[in-house]
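Novice: Sending over upload-v1.csv (CSV, C-alpha atoms and all ligand atoms).
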chain,number,residue,atom,x,y,z
A,150,MET,CA,237.0,224.8,-21.8
A,151,VAL,CA,236.6,224.9,-25.6
A,152,ASP,CA,237.7,228.3,-26.8
A,153,SER,CA,237.3,229.7,-30.4
A,154,SER,CA,240.7,228.5,-31.5
A,155,SER,CA,239.9,224.9,-30.4
A,156,VAL,CA,236.6,225.1,-32.3
A,157,ALA,CA,238.5,226.4,-35.4
A,158,PHE,CA,241.0,223.5,-35.0
A,159,TYR,CA,238.1,221.1,-34.8
A,160,GLN,CA,236.4,222.5,-37.9
A,161,GLU,CA,239.7,222.5,-39.9
A,162,ASN,CA,240.9,219.0,-38.8
A,163,GLY,CA,237.8,217.1,-37.9
A,164,TYR,CA,239.0,216.1,-34.4
A,165,LEU,CA,240.0,217.7,-31.1
A,166,LEU,CA,241.7,216.3,-28.1
A,167,ILE,CA,240.5,218.0,-24.9
A,168,LYS,CA,243.1,217.5,-22.2
A,169,GLY,CA,242.0,216.8,-18.6
A,170,LEU,CA,238.2,216.9,-19.3
A,171,LEU,CA,238.0,214.6,-16.3
A,172,THR,CA,240.3,214.4,-13.3
A,173,GLY,CA,242.7,211.5,-12.8
A,174,GLN,CA,240.6,210.4,-9.8
A,175,GLU,CA,237.4,210.4,-11.9
A,176,ALA,CA,239.2,208.5,-14.7
A,177,ASP,CA,240.3,205.9,-12.2
A,178,ALA,CA,236.7,205.4,-11.0
A,179,TYR,CA,235.2,205.2,-14.5
A,180,ARG,CA,238.0,202.7,-15.5
A,181,ALA,CA,237.0,200.5,-12.5
A,182,GLU,CA,233.3,200.8,-13.5
A,183,CYS,CA,234.1,199.7,-17.1
A,184,HIS,CA,236.0,196.6,-16.0
A,185,LYS,CA,233.2,195.8,-13.4
A,186,VAL,CA,230.5,196.0,-16.1
A,187,LEU,CA,232.6,193.9,-18.5
A,188,ALA,CA,233.3,191.3,-15.9
A,189,ARG,CA,229.5,190.7,-15.5
A,190,LEU,CA,228.9,190.2,-19.3
A,191,ALA,CA,229.3,187.1,-21.3
A,192,PRO,CA,232.6,187.2,-23.0
A,193,GLY,CA,232.3,188.3,-26.7
A,194,ASP,CA,234.9,189.7,-29.1
A,195,PRO,CA,233.9,192.4,-31.6
A,196,THR,CA,237.3,192.4,-33.3
A,197,TRP,CA,236.6,193.1,-37.0
A,198,GLY,CA,237.4,190.1,-39.3
A,199,SER,CA,239.5,192.4,-41.4
A,200,ALA,CA,241.5,193.6,-38.3
A,201,ARG,CA,242.8,190.1,-38.1
A,202,ARG,CA,244.6,190.7,-41.4
A,203,LEU,CA,246.6,193.5,-39.8
A,204,THR,CA,248.4,191.3,-37.2
A,205,ALA,CA,250.4,188.1,-37.3
A,206,THR,CA,249.1,187.0,-33.9
A,207,ARG,CA,245.5,186.8,-32.7
A,208,THR,CA,244.2,189.9,-31.0
A,209,GLU,CA,241.2,190.5,-28.7
A,210,LEU,CA,238.8,193.2,-27.8
A,211,ARG,CA,236.2,193.6,-25.0
A,212,HIS,CA,233.2,195.8,-25.4
A,213,CYS,CA,229.8,196.8,-24.0
A,214,HIS,CA,227.3,198.8,-26.1
A,215,ASP,CA,224.8,201.2,-24.5
A,216,ALA,CA,226.8,201.1,-21.3
A,217,GLN,CA,224.3,203.5,-19.5
A,218,PHE,CA,221.9,200.5,-19.3
A,219,HIS,CA,224.5,198.7,-17.2
A,220,SER,CA,225.7,201.4,-14.9
A,221,ALA,CA,224.4,204.8,-13.8
A,222,ALA,CA,228.0,206.1,-13.8
A,223,PHE,CA,227.7,206.3,-17.6
A,224,SER,CA,224.3,208.0,-17.5
A,225,ARG,CA,225.9,210.7,-15.3
A,226,LEU,CA,228.9,211.1,-17.7
A,227,MET,CA,226.5,211.6,-20.7
A,228,LEU,CA,225.0,214.6,-18.9
A,229,ASP,CA,228.2,215.9,-17.4
A,230,PRO,CA,228.3,219.7,-18.2
A,231,ARG,CA,232.0,219.4,-19.0
A,232,PHE,CA,231.1,217.0,-21.8
A,233,THR,CA,227.8,218.7,-23.0
A,234,GLY,CA,229.6,222.1,-22.9
A,235,ALA,CA,232.4,220.8,-25.1
A,236,ALA,CA,230.0,218.9,-27.4
A,237,THR,CA,227.6,221.9,-27.9
A,238,ALA,CA,230.5,224.2,-28.5
A,239,LEU,CA,231.8,221.9,-31.3
A,240,LEU,CA,228.4,221.4,-32.8
A,241,GLY,CA,227.8,225.1,-32.6
A,242,ARG,CA,224.3,224.7,-31.2
A,243,PRO,CA,222.8,224.0,-27.8
A,244,ASP,CA,220.8,220.9,-28.6
A,245,LEU,CA,222.5,217.5,-28.3
A,246,GLN,CA,221.0,214.1,-28.9
A,247,LEU,CA,222.4,210.6,-28.2
A,248,HIS,CA,223.2,208.1,-30.9
A,249,HIS,CA,224.9,205.4,-28.9
A,250,THR,CA,227.6,204.6,-26.3
A,251,LYS,CA,230.2,201.9,-26.0
A,252,ILE,CA,233.0,200.8,-23.7
A,253,PHE,CA,236.1,199.4,-25.4
A,254,VAL,CA,238.9,197.6,-23.5
A,255,LYS,CA,241.9,196.6,-25.5
A,256,PRO,CA,243.6,193.9,-23.4
A,257,PRO,CA,247.3,194.0,-22.7
A,258,GLU,CA,249.7,192.7,-25.3
A,259,LYS,CA,247.0,191.7,-27.8
A,260,GLY,CA,244.4,194.5,-28.0
A,261,SER,CA,242.8,194.5,-31.4
A,262,PRO,CA,243.3,197.3,-34.0
A,263,PHE,CA,240.6,199.1,-36.1
A,264,PRO,CA,241.3,199.5,-39.8
A,265,LEU,CA,240.8,203.1,-41.0
A,266,HIS,CA,237.1,204.0,-41.6
A,267,GLN,CA,234.6,206.8,-41.3
A,268,ASP,CA,231.8,206.2,-38.7
A,269,ALA,CA,229.5,207.7,-41.4
A,270,ALA,CA,229.7,204.4,-43.3
A,271,HIS,CA,228.3,202.6,-40.3
A,272,PHE,CA,225.4,204.9,-39.5
A,273,PRO,CA,224.9,207.6,-42.3
A,274,HIS,CA,222.9,210.7,-41.3
A,275,THR,CA,221.4,213.5,-43.4
A,276,LYS,CA,223.3,216.5,-42.0
A,277,HIS,CA,226.6,215.0,-41.0
A,278,THR,CA,226.7,216.4,-37.4
A,279,VAL,CA,227.3,213.0,-35.8
A,280,THR,CA,230.4,213.1,-33.6
A,281,ALA,CA,232.1,210.7,-31.2
A,282,ALA,CA,233.6,211.7,-27.8
A,283,ILE,CA,236.1,209.1,-26.7
A,284,PHE,CA,236.9,209.3,-23.0
A,285,HIS,CA,240.2,207.9,-22.0
A,286,PHE,CA,240.2,206.2,-18.5
A,287,ASP,CA,243.9,205.2,-18.7
A,288,ASP,CA,246.8,206.6,-20.6
A,289,ALA,CA,246.8,205.7,-24.3
A,290,PRO,CA,250.3,206.1,-25.8
A,291,GLU,CA,251.0,204.7,-29.3
A,292,GLU,CA,252.0,201.3,-27.9
A,293,LYS,CA,248.6,200.9,-26.3
A,294,GLY,CA,246.9,201.3,-29.7
A,295,CYS,CA,245.7,204.9,-29.4
A,296,VAL,CA,243.3,206.3,-31.9
A,297,ARG,CA,244.8,207.6,-35.1
A,298,VAL,CA,243.2,210.1,-37.5
A,299,ILE,CA,243.7,211.6,-40.9
A,300,PRO,CA,243.4,215.3,-40.2
A,301,GLY,CA,241.1,217.2,-42.5
A,302,SER,CA,239.7,214.0,-44.1
A,303,HIS,CA,236.1,214.9,-43.0
A,304,ARG,CA,236.1,217.6,-45.7
A,305,ARG,CA,236.2,214.9,-48.4
A,306,GLY,CA,232.6,213.8,-47.5
A,307,PRO,CA,231.5,210.2,-47.3
A,308,LEU,CA,234.1,207.8,-48.9
A,309,PRO,CA,233.4,204.3,-50.4
A,310,HIS,CA,234.0,201.6,-47.9
A,311,VAL,CA,234.4,197.8,-48.3
A,312,GLU,CA,232.8,195.0,-46.3
A,313,GLU,CA,235.5,192.6,-45.2
A,314,GLY,CA,234.3,191.5,-41.8
A,315,GLY,CA,233.8,195.2,-40.8
A,316,TRP,CA,233.1,198.3,-42.9
A,317,HIS,CA,236.3,200.1,-43.5
A,318,LEU,CA,238.4,201.8,-46.2
A,319,PRO,CA,240.4,199.6,-48.5
A,320,ILE,CA,243.4,198.6,-46.4
A,321,THR,CA,246.0,198.8,-49.1
A,322,GLU,CA,245.0,202.4,-50.1
A,323,TRP,CA,244.5,203.5,-46.5
A,324,PRO,CA,247.2,202.0,-44.3
A,325,LEU,CA,246.9,202.6,-40.6
A,326,ASP,CA,250.4,204.0,-40.3
A,327,ALA,CA,249.4,206.8,-42.7
A,328,ALA,CA,247.2,208.2,-39.9
A,329,THR,CA,248.4,210.5,-37.1
A,330,PRO,CA,248.5,208.9,-33.7
A,331,VAL,CA,246.5,210.9,-31.1
A,332,GLU,CA,248.2,209.9,-27.8
A,333,ALA,CA,246.1,210.6,-24.8
A,334,GLU,CA,246.3,210.5,-21.0
A,335,ALA,CA,243.7,209.4,-18.5
A,336,GLY,CA,241.0,212.0,-18.2
A,337,ASP,CA,241.4,213.3,-21.8
A,338,ALA,CA,238.5,213.2,-24.3
A,339,LEU,CA,238.9,213.0,-28.0
A,340,PHE,CA,236.1,214.4,-30.2
A,341,ILE,CA,236.0,213.0,-33.8
A,342,ASN,CA,233.5,214.0,-36.5
A,343,TYR,CA,231.9,210.9,-38.0
A,344,LEU,CA,233.4,211.8,-41.5
A,345,THR,CA,236.9,212.0,-40.1
A,346,VAL,CA,238.9,208.9,-41.2
A,347,HIS,CA,240.2,207.2,-38.1
A,348,GLY,CA,241.3,203.8,-36.7
A,349,SER,CA,243.7,202.5,-34.1
A,350,GLY,CA,246.6,200.2,-33.6
A,351,VAL,CA,247.3,197.1,-31.5
A,352,ASN,CA,247.8,197.4,-27.8
A,353,THR,CA,251.2,195.8,-27.4
A,354,SER,CA,251.8,197.3,-23.9
A,355,ALA,CA,251.5,195.4,-20.5
A,356,GLU,CA,248.3,197.4,-19.5
A,357,PRO,CA,244.7,197.5,-20.9
A,358,ARG,CA,243.5,200.5,-22.8
A,359,THR,CA,240.0,201.5,-21.5
A,360,THR,CA,237.7,204.0,-23.2
A,361,PHE,CA,234.1,205.0,-23.2
A,362,LEU,CA,232.6,206.5,-26.4
A,363,ILE,CA,229.5,208.7,-26.6
A,364,GLN,CA,228.3,209.2,-30.2
A,365,PHE,CA,226.0,212.2,-30.4
A,366,ARG,CA,224.3,214.4,-33.0
A,367,ALA,CA,222.1,217.4,-33.6
A,368,PRO,CA,218.4,216.4,-33.0
A,369,ASP,CA,217.4,217.4,-36.6
A,370,ASP,CA,220.1,215.2,-38.1
A,371,HIS,CA,218.2,212.1,-39.0
A,372,PRO,CA,219.5,208.6,-39.9
A,373,ALA,CA,219.7,208.3,-43.7
A,374,ASP,CA,219.5,204.5,-43.5
A,375,ASP,CA,217.5,202.1,-41.3
A,376,VAL,CA,220.7,200.7,-39.6
A,377,HIS,CA,222.4,200.7,-36.2
A,378,HIS,CA,219.5,200.6,-33.8
A,379,SER,CA,220.8,201.2,-30.3
A,380,ARG,CA,218.9,201.5,-27.0
A,381,GLY,CA,218.4,205.0,-25.9
A,382,GLN,CA,219.0,206.5,-29.3
A,383,GLY,CA,217.3,210.0,-29.5
A,384,MET,CA,217.7,210.7,-25.8
A,385,MET,CA,218.3,214.4,-25.3
A,386,LEU,CA,221.7,215.1,-23.6
A,387,HIS,CA,221.3,218.9,-23.7
A,388,GLY,CA,218.7,221.4,-24.8
A,389,THR,CA,215.4,220.4,-26.5
A,390,ALA,CA,214.5,218.2,-29.5
A,391,SER,CA,213.6,219.9,-32.8
A,401,LIG,O1,238.7,202.9,-29.8
A,401,LIG,C1,239.3,202.8,-30.8
A,401,LIG,O2,240.5,202.4,-30.8
A,401,LIG,C2,238.7,203.1,-32.2
A,401,LIG,C3,237.3,202.9,-32.2
A,401,LIG,C4,236.7,203.3,-33.5
A,401,LIG,O3,237.3,203.5,-34.4
A,401,LIG,C5,235.2,203.3,-33.6
A,401,LIG,O4,234.5,203.0,-32.6
A,401,LIG,O5,234.7,203.7,-34.7
Take the structure I supplied and represent it as structure tokens, if you would.

Specialist:
Amino acid sequence: MVDSSSVAFYQENGYLLIKGLLTGQEADAYRAECHKVLARLAPGDPTWGSARRLTATRTELRHCHDAQFHSAAFSRLMLDPRFTGAATALLGRPDLQLHHTKIFVKPPEKGSPFPLHQDAAHFPHTKHTVTAAIFHFDDAPEEKGCVRVIPGSHRRGPLPHVEEGGWHLPITEWPLDAATPVEAEAGDALFINYLTVHGSGVNTSAEPRTTFLIQFRAPDDHPADDVHHSRGQGMMLHGTAS
């Protein structure tokens, strides 16, 4: 599924959209599972304080961290050979370890944006192998607040972030519309290196945008800071620990 030209694109640009990693039927089932899990949780809104500065009207976000502790469907997806095959191809080694997972639902008409940032600022590691796979369970065109990336930005290394109700790059120097929208369809998976600058816009459409993110790393890539403790961190998803 991930050929050498896709690996070369990923290494050059710091991201790769894999079309149809899941079938439409599978995406439907995972979407239903995400909404079922969220319906059982107490309402909470992880919208970054700084994201509120990007919109005139109030936006909202629903989320669930460590979703595999809520539904076995997500445990299965974390070990799905289509995912682990792509992830090991992009890491360039057979061993794959979990950092954390999360469901995000951007509600219709008012789904919150994410200012541009590197995930590295949130959970720095020593070897910079940390990578996110974002599974799309419904279509994510630009009007649904799809993920946006700055291609090649991972090659700049860790950049200074600001704390303004969320760690992100200074908003005036790094406007969201300077980033390339990566529109996706249900079943697609977007892989992003944790040094690649990314964010996402507002969902202004009439439908929710539903995603599940698996953040993974090489097992010998250790946290550089004692931050971001998540349940299940260190679980092997493929191969053996170092
Ligand atoms: O799902 C999105 O729209 C962006 C999420 C994101 O940037 C993150 O989790 O770091």

Novice: Just checking: using only C-alpha atoms and all ligand atoms, which residue out of A:Thr329, A:Thr237, A:Gln160, A:Gln267 ends up closest to ligand LIG 401 (chain A)?

Specialist: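 Answer, going by the shortest atom-to-atom distance: A:Gln267.
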
Novice: So which one's closest to ligand LIG 401 (chain A), A:Ala216, A:Val296, A:Cys183, A:Ile320? Using all atoms listed in the file, please.

Specialist: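 Checking each candidate against ligand LIG 401 (chain A), we get A:Val296 as the closest.
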
Novice: Find, counting only C-alpha atoms, the residue in A:Glu322, A:His212, A:Thr353, A:Phe284 that gets nearest to Leu187 in chain A.

Specialist: A:His212

Novice: Taking into account only C-alpha atoms, which residue in the set A:Gly193, A:Pro273, A:Gly163, A:Gly169 is nearest to Asp337 in chain A?

Specialist: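 Result for the nearest residue to Asp337 in chain A: A:Gly169.
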
Novice: May I ask for the distance between CA of Val346 in chain A and CA of Asp268 in chain A, given in Å to one decimal place?

Specialist: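 It comes out at 8.0 Å.
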
Novice: Using all atoms listed in the file, what does the table of chain A residues within 9 Å of ligand LIG 401 (chain A) look like, with each row giving the shortest atom pair and its distance in Å to one decimal, sorted by chain and ascending number, as JSON lines?

Specialist:
{"residue": "A:Lys251", "atom": "CA", "partner": "A:LIG401", "partner_atom": "O4", "distance": 8.0}
{"residue": "A:Ile252", "atom": "CA", "partner": "A:LIG401", "partner_atom": "O1", "distance": 8.6}
{"residue": "A:Phe253", "atom": "CA", "partner": "A:LIG401", "partner_atom": "O1", "distance": 6.2}
{"residue": "A:Val254", "atom": "CA", "partner": "A:LIG401", "partner_atom": "O1", "distance": 8.2}
{"residue": "A:Lys255", "atom": "CA", "partner": "A:LIG401", "partner_atom": "O2", "distance": 8.0}
{"residue": "A:Ser261", "atom": "CA", "partner": "A:LIG401", "partner_atom": "O2", "distance": 8.2}
{"residue": "A:Pro262", "atom": "CA", "partner": "A:LIG401", "partner_atom": "O2", "distance": 6.6}
{"residue": "A:Phe263", "atom": "CA", "partner": "A:LIG401", "partner_atom": "O3", "distance": 5.8}
{"residue": "A:Pro264", "atom": "CA", "partner": "A:LIG401", "partner_atom": "O3", "distance": 7.8}
{"residue": "A:Leu265", "atom": "CA", "partner": "A:LIG401", "partner_atom": "O3", "distance": 7.5}
{"residue": "A:His266", "atom": "CA", "partner": "A:LIG401", "partner_atom": "O3", "distance": 7.2}
{"residue": "A:Gln267", "atom": "CA", "partner": "A:LIG401", "partner_atom": "O5", "distance": 7.3}
{"residue": "A:Asp268", "atom": "CA", "partner": "A:LIG401", "partner_atom": "O5", "distance": 5.5}
{"residue": "A:His271", "atom": "CA", "partner": "A:LIG401", "partner_atom": "O5", "distance": 8.6}
{"residue": "A:Ala281", "atom": "CA", "partner": "A:LIG401", "partner_atom": "O4", "distance": 8.2}
{"residue": "A:Ile283", "atom": "CA", "partner": "A:LIG401", "partner_atom": "O1", "distance": 7.4}
{"residue": "A:Gly294", "atom": "CA", "partner": "A:LIG401", "partner_atom": "O2", "distance": 6.6}
{"residue": "A:Cys295", "atom": "CA", "partner": "A:LIG401", "partner_atom": "O2", "distance": 5.9}
{"residue": "A:Val296", "atom": "CA", "partner": "A:LIG401", "partner_atom": "O2", "distance": 4.9}
{"residue": "A:Arg297", "atom": "CA", "partner": "A:LIG401", "partner_atom": "O2", "distance": 8.0}
{"residue": "A:Tyr343", "atom": "CA", "partner": "A:LIG401", "partner_atom": "O5", "distance": 8.4}
{"residue": "A:Val346", "atom": "CA", "partner": "A:LIG401", "partner_atom": "O3", "distance": 8.8}
{"residue": "A:His347", "atom": "CA", "partner": "A:LIG401", "partner_atom": "O3", "distance": 6.0}
{"residue": "A:Gly348", "atom": "CA", "partner": "A:LIG401", "partner_atom": "O3", "distance": 4.6}
{"residue": "A:Ser349", "atom": "CA", "partner": "A:LIG401", "partner_atom": "O2", "distance": 4.6}
{"residue": "A:Gly350", "atom": "CA", "partner": "A:LIG401", "partner_atom": "O2", "distance": 7.1}
{"residue": "A:Val351", "atom": "CA", "partner": "A:LIG401", "partner_atom": "O2", "distance": 8.6}
{"residue": "A:Arg358", "atom": "CA", "partner": "A:LIG401", "partner_atom": "O2", "distance": 8.8}
{"residue": "A:Thr359", "atom": "CA", "partner": "A:LIG401", "partner_atom": "O1", "distance": 8.5}
{"residue": "A:Thr360", "atom": "CA", "partner": "A:LIG401", "partner_atom": "O1", "distance": 6.8}
{"residue": "A:Phe361", "atom": "CA", "partner": "A:LIG401", "partner_atom": "O1", "distance": 8.3}
{"residue": "A:Leu362", "atom": "CA", "partner": "A:LIG401", "partner_atom": "O4", "distance": 7.4}

Novice: Mind giving me the straight-line distance from CA of Gln174 in chain A to CA of Phe340 in chain A in Å, one decimal?

Specialist: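 It comes out at 21.3 Å.
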
Novice: Which of these residues is nearest to Lys276 in chain A, using only C-alpha atoms: A:Leu203, A:Gln382, A:Pro357, A:Leu344?

Specialist: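 Of A:Leu203, A:Gln382, A:Pro357, A:Leu344, the one nearest Lys276 in chain A, counting only C-alpha atoms, is A:Leu344.
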
Novice: Report, in Å to a single decimal, how far apart CA of Val298 in chain A and CA of Leu325 in chain A are.

Specialist: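 So the two atoms, CA of Leu325 in chain A and CA of Val298 in chain A, lie 8.9 Å apart.
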
Novice: Out of A:Leu245, A:Pro319, A:Gln217, A:Gly381, which residue has the shortest atom-to-atom distance to Val186 in chain A when counting all atoms listed in the file?

Specialist: A:Gln217
